[in-house]
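Shown here: target36.txt, compact mmCIF, C-alpha atoms.
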# COMPACT_ATOMS: atom_id res chain seq x y z
CA MET R 64 8.41 61.21 -38.82
CA LYS R 65 6.84 58.38 -36.84
CA ASN R 66 3.30 59.63 -37.60
CA LEU R 67 4.14 60.15 -41.27
CA LEU R 68 5.32 56.54 -41.60
CA PHE R 69 2.24 55.30 -39.73
CA TYR R 70 -0.14 57.06 -42.13
CA LEU R 71 1.91 56.16 -45.19
CA ILE R 72 1.58 52.50 -44.21
CA VAL R 73 -2.17 53.00 -43.70
CA ILE R 74 -2.50 54.50 -47.19
CA LEU R 75 -0.53 51.66 -48.79
CA LEU R 76 -2.63 49.11 -46.94
CA LEU R 77 -5.84 50.78 -48.13
CA PHE R 78 -4.58 50.45 -51.72
CA THR R 79 -3.79 46.78 -51.14
CA LEU R 80 -7.22 46.19 -49.62
CA TYR R 81 -8.94 47.86 -52.55
CA GLY R 82 -6.89 45.94 -55.10
CA SER R 83 -7.23 42.55 -53.41
CA PHE R 84 -10.96 43.06 -52.82
CA ASP R 85 -11.42 44.02 -56.46
CA LEU R 86 -9.55 40.88 -57.54
CA SER R 87 -11.56 38.73 -55.13
CA TYR R 88 -14.82 40.19 -56.41
CA GLY R 89 -13.68 39.62 -60.00
CA ASN R 90 -12.91 36.02 -59.16
CA LEU R 91 -16.26 35.60 -57.42
CA THR R 92 -18.12 36.92 -60.48
CA ASN R 93 -15.96 34.84 -62.85
CA LYS R 94 -14.44 37.90 -64.55
CA ILE R 95 -10.91 37.04 -63.32
CA ALA R 96 -9.42 33.66 -62.52
CA CYS R 97 -7.18 33.71 -59.47
CA PRO R 98 -4.79 30.79 -59.02
CA LYS R 99 -5.74 28.45 -56.20
CA VAL R 100 -3.66 27.55 -53.17
CA PHE R 101 -4.89 24.35 -51.50
CA GLY R 102 -8.22 24.81 -53.31
CA ILE R 103 -8.72 28.41 -52.16
CA PRO R 104 -8.35 31.28 -54.64
CA ALA R 105 -5.13 33.15 -53.80
CA CYS R 106 -6.86 36.52 -54.09
CA TYR R 107 -9.15 35.59 -51.14
CA ILE R 108 -6.15 34.60 -49.04
CA VAL R 109 -4.35 37.82 -49.97
CA PHE R 110 -7.39 39.98 -49.12
CA VAL R 111 -7.82 38.40 -45.69
CA ALA R 112 -4.08 38.67 -45.00
CA PHE R 113 -3.98 42.36 -46.00
CA LEU R 114 -7.07 42.97 -43.87
CA GLY R 115 -5.29 41.38 -40.89
CA THR R 116 -2.19 43.46 -41.62
CA PHE R 117 -4.31 46.62 -41.75
CA VAL R 118 -6.16 45.86 -38.51
CA SER R 119 -2.97 44.95 -36.65
CA HIS R 120 -1.33 48.18 -37.82
CA VAL R 121 -4.24 50.52 -37.09
CA LEU R 122 -4.90 48.97 -33.67
CA LYS R 123 -1.14 49.08 -32.98
CA LEU R 124 -1.03 45.43 -32.01
CA ASP R 125 2.30 43.75 -31.37
CA ARG R 126 4.55 43.84 -34.45
CA ILE R 127 4.47 40.07 -34.76
CA TRP R 128 0.84 40.29 -35.94
CA PHE R 129 1.69 42.78 -38.69
CA TYR R 130 4.58 40.67 -39.96
CA SER R 131 2.66 37.40 -39.64
CA PHE R 132 -0.24 38.67 -41.70
CA LEU R 133 2.07 40.33 -44.25
CA PHE R 134 4.04 37.09 -44.66
CA LEU R 135 1.19 35.43 -46.63
CA PRO R 136 0.78 37.95 -49.45
CA PHE R 137 4.54 38.60 -49.39
CA GLY R 138 5.28 34.92 -49.94
CA LEU R 139 2.54 34.41 -52.51
CA ALA R 140 3.49 37.53 -54.49
CA THR R 141 7.19 36.72 -54.42
CA GLY R 142 6.63 33.11 -55.47
CA ALA R 143 4.17 34.01 -58.20
CA SER R 144 6.44 36.80 -59.47
CA LEU R 145 9.34 34.37 -59.71
CA ALA R 146 7.13 31.92 -61.61
CA GLU R 147 6.11 34.71 -63.99
CA LEU R 148 9.74 35.66 -64.56
CA LEU R 149 10.49 32.01 -65.35
CA GLY R 150 7.80 32.04 -68.02
CA TYR R 151 4.82 30.51 -66.24
CA GLU R 152 1.63 32.55 -66.48
CA VAL R 153 0.10 32.20 -63.03
CA CYS R 154 -1.12 35.71 -62.18
CA PRO R 155 -4.11 37.69 -63.39
CA ARG R 156 -3.05 40.62 -65.58
CA THR R 157 -3.87 44.31 -65.63
CA SER R 158 -5.44 45.79 -68.73
CA THR R 159 -1.91 46.68 -69.89
CA GLY R 160 -0.69 43.10 -69.42
CA ILE R 161 1.31 43.54 -66.21
CA PRO R 162 1.02 40.53 -63.87
CA MET R 163 -0.80 41.69 -60.75
CA CYS R 164 1.52 39.65 -58.56
CA PHE R 165 4.30 42.10 -59.55
CA ILE R 166 2.19 44.95 -58.18
CA SER R 167 1.38 43.01 -55.03
CA ALA R 168 5.06 42.20 -54.53
CA VAL R 169 6.03 45.88 -54.83
CA PHE R 170 3.42 46.83 -52.22
CA CYS R 171 4.56 44.01 -49.89
CA TYR R 172 8.21 45.00 -50.13
CA ALA R 173 7.30 48.67 -49.58
CA LEU R 174 5.18 47.81 -46.53
CA LEU R 175 7.93 45.64 -45.09
CA PHE R 176 10.55 48.36 -45.62
CA LEU R 177 8.35 51.11 -44.14
CA LYS R 178 7.35 49.04 -41.10
CA LEU R 179 10.96 48.09 -40.39
CA TRP R 180 11.94 51.75 -40.74
CA ALA R 181 9.10 52.85 -38.44
CA ASN R 182 10.11 50.25 -35.85
CA ARG R 183 13.70 51.48 -35.98
CA ILE R 184 12.57 55.08 -35.37
CA ILE R 185 10.39 54.01 -32.45
CA LYS R 186 13.33 52.21 -30.79
CA GLN R 187 15.51 55.35 -30.90
What would you get if you wrote out this structure as structure tokens?
Amino acid sequence: MKNLLFYLIVILLLFTLYGSFDLSYGNLTNKIACPKVFGIPACYIVFVAFLGTFVSHVLKLDRIWFYSFLFLPFGLATGASLAELLGYEVCPRTSTGIPMCFISAVFCYALLFLKLWANRIIKQ
């Protein structure tokens, strides 16, 4: 079960890396406008944070690294999703009109849940 959770987290992180890289590239080529956080496009911050989360997980670094890196996209996605629900359009949209921060939030919550579950199994 421990190995299954490890690889499931890897697969989810690969999806997040692909999605955040695609968004970052779209922002770089002016096809998508990412909101800025302190002057830096949020999609760049999210990509780097997911990359750190991926590296810390694959290299099996101390859990604090995984959670620290995940905190950034988790916080940004949660905050942006709340803003979207309150009627502010802050997130880029999919071709079907779904705010991408909703998708990012789902991945962040899933990663958090799976990592906490994996850590619980390891302690037993």
Could you give me, as a PyMOL selection string, the residues that have an atom at most 10 Å away from the point (-3.1, 48.4, -46.0) in the coordinates of the file, using only C-alpha atoms?
chain R and resi 70-81+110+112-121+133+170-171+174
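Interatomic distance, CA of Phe84 in chain R against CA of Val109 in chain R: 8.9 Å.
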Do a neighbour search on Leu145 in chain R at 12 Å with all atoms listed in the file, toss out local chain neighbours closer than 6 positions, and write the hits as an NGL selection string.
:R and (138-139 or 151-154 or 162 or 164-165 or 168)
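Of the listed residues R:Lys65, R:Ile161, R:Pro155, R:Leu149, the one whose atoms come nearest to Pro104 in chain R is R:Pro155, with distances taken using all atoms listed in the file.
With all atoms listed in the file as the atoms that count, the residue of R:Phe137, R:Tyr88, R:Phe69, R:Tyr172 with the shortest distance to Leu122 in chain R is R:Phe69.
Distances from R:Ser144, R:Thr92, R:Ser83, R:Asn66 to Asn182 in chain R were compared using only C-alpha atoms, and the smallest one belongs to R:Asn66.
Among the candidates R:Lys178, R:Arg156, R:Met64, R:Leu148, the one nearest to Lys94 in chain R when counting all atoms listed in the file is R:Arg156.
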I'd like the interatomic distance between CA of Pro136 in chain R and CA of Ser167 in chain R, to a tenth of an Å.
7.6 Å
May I ask for the distance between CA of Leu179 in chain R and CA of Ile127 in chain R, given in Å to one decimal place?
11.8 Å
Can you sort out range 73-95 of chain R so it carries N, CA and C atoms, written as an mmCIF file, in the frame of the given file?
data_model
loop_
_atom_site.group_PDB
_atom_site.id
_atom_site.type_symbol
_atom_site.label_atom_id
_atom_site.label_comp_id
_atom_site.auth_asym_id
_atom_site.auth_seq_id
_atom_site.Cartn_x
_atom_site.Cartn_y
_atom_site.Cartn_z
ATOM 1 N N VAL R 73 -0.712 53.097 -43.620
ATOM 2 C CA VAL R 73 -2.170 53.000 -43.700
ATOM 3 C C VAL R 73 -2.639 53.206 -45.144
ATOM 4 N N ILE R 74 -2.103 54.217 -45.804
ATOM 5 C CA ILE R 74 -2.500 54.500 -47.190
ATOM 6 C C ILE R 74 -2.137 53.338 -48.111
ATOM 7 N N LEU R 75 -0.925 52.811 -47.969
ATOM 8 C CA LEU R 75 -0.530 51.660 -48.790
ATOM 9 C C LEU R 75 -1.427 50.459 -48.526
ATOM 10 N N LEU R 76 -1.761 50.233 -47.273
ATOM 11 C CA LEU R 76 -2.630 49.110 -46.940
ATOM 12 C C LEU R 76 -4.041 49.300 -47.500
ATOM 13 N N LEU R 77 -4.523 50.531 -47.526
ATOM 14 C CA LEU R 77 -5.840 50.780 -48.130
ATOM 15 C C LEU R 77 -5.814 50.470 -49.627
ATOM 16 N N PHE R 78 -4.718 50.815 -50.298
ATOM 17 C CA PHE R 78 -4.580 50.450 -51.720
ATOM 18 C C PHE R 78 -4.572 48.935 -51.890
ATOM 19 N N THR R 79 -3.846 48.237 -51.020
ATOM 20 C CA THR R 79 -3.790 46.780 -51.140
ATOM 21 C C THR R 79 -5.152 46.151 -50.867
ATOM 22 N N LEU R 80 -5.876 46.704 -49.907
ATOM 23 C CA LEU R 80 -7.220 46.190 -49.620
ATOM 24 C C LEU R 80 -8.154 46.400 -50.796
ATOM 25 N N TYR R 81 -8.100 47.590 -51.382
ATOM 26 C CA TYR R 81 -8.940 47.860 -52.550
ATOM 27 C C TYR R 81 -8.599 46.906 -53.692
ATOM 28 N N GLY R 82 -7.310 46.783 -53.985
ATOM 29 C CA GLY R 82 -6.890 45.940 -55.100
ATOM 30 C C GLY R 82 -7.219 44.473 -54.876
ATOM 31 N N SER R 83 -6.958 43.966 -53.676
ATOM 32 C CA SER R 83 -7.230 42.550 -53.410
ATOM 33 C C SER R 83 -8.726 42.273 -53.322
ATOM 34 N N PHE R 84 -9.499 43.241 -52.827
ATOM 35 C CA PHE R 84 -10.960 43.060 -52.820
ATOM 36 C C PHE R 84 -11.490 43.053 -54.246
ATOM 37 N N ASP R 85 -10.987 43.959 -55.071
ATOM 38 C CA ASP R 85 -11.420 44.020 -56.460
ATOM 39 C C ASP R 85 -11.099 42.709 -57.191
ATOM 40 N N LEU R 86 -9.916 42.169 -56.952
ATOM 41 C CA LEU R 86 -9.550 40.880 -57.540
ATOM 42 C C LEU R 86 -10.455 39.763 -57.027
ATOM 43 N N SER R 87 -10.712 39.757 -55.727
ATOM 44 C CA SER R 87 -11.560 38.730 -55.130
ATOM 45 C C SER R 87 -12.975 38.807 -55.700
ATOM 46 N N TYR R 88 -13.490 40.019 -55.838
ATOM 47 C CA TYR R 88 -14.820 40.190 -56.410
ATOM 48 C C TYR R 88 -14.838 39.736 -57.871
ATOM 49 N N GLY R 89 -13.796 40.073 -58.617
ATOM 50 C CA GLY R 89 -13.680 39.620 -60.000
ATOM 51 C C GLY R 89 -13.635 38.114 -60.109
ATOM 52 N N ASN R 90 -12.963 37.486 -59.172
ATOM 53 C CA ASN R 90 -12.910 36.020 -59.160
ATOM 54 C C ASN R 90 -14.278 35.434 -58.814
ATOM 55 N N LEU R 91 -14.950 36.057 -57.850
ATOM 56 C CA LEU R 91 -16.260 35.600 -57.420
ATOM 57 C C LEU R 91 -17.291 35.693 -58.553
ATOM 58 N N THR R 92 -17.182 36.727 -59.373
ATOM 59 C CA THR R 92 -18.120 36.920 -60.480
ATOM 60 C C THR R 92 -17.614 36.322 -61.793
ATOM 61 N N ASN R 93 -16.545 35.540 -61.692
ATOM 62 C CA ASN R 93 -15.960 34.840 -62.850
ATOM 63 C C ASN R 93 -15.424 35.763 -63.942
ATOM 64 N N LYS R 94 -15.050 36.982 -63.582
ATOM 65 C CA LYS R 94 -14.440 37.900 -64.550
ATOM 66 C C LYS R 94 -12.919 37.720 -64.578
ATOM 67 N N ILE R 95 -12.357 37.255 -63.455
ATOM 68 C CA ILE R 95 -10.910 37.040 -63.320
ATOM 69 C C ILE R 95 -10.721 35.667 -62.688
#
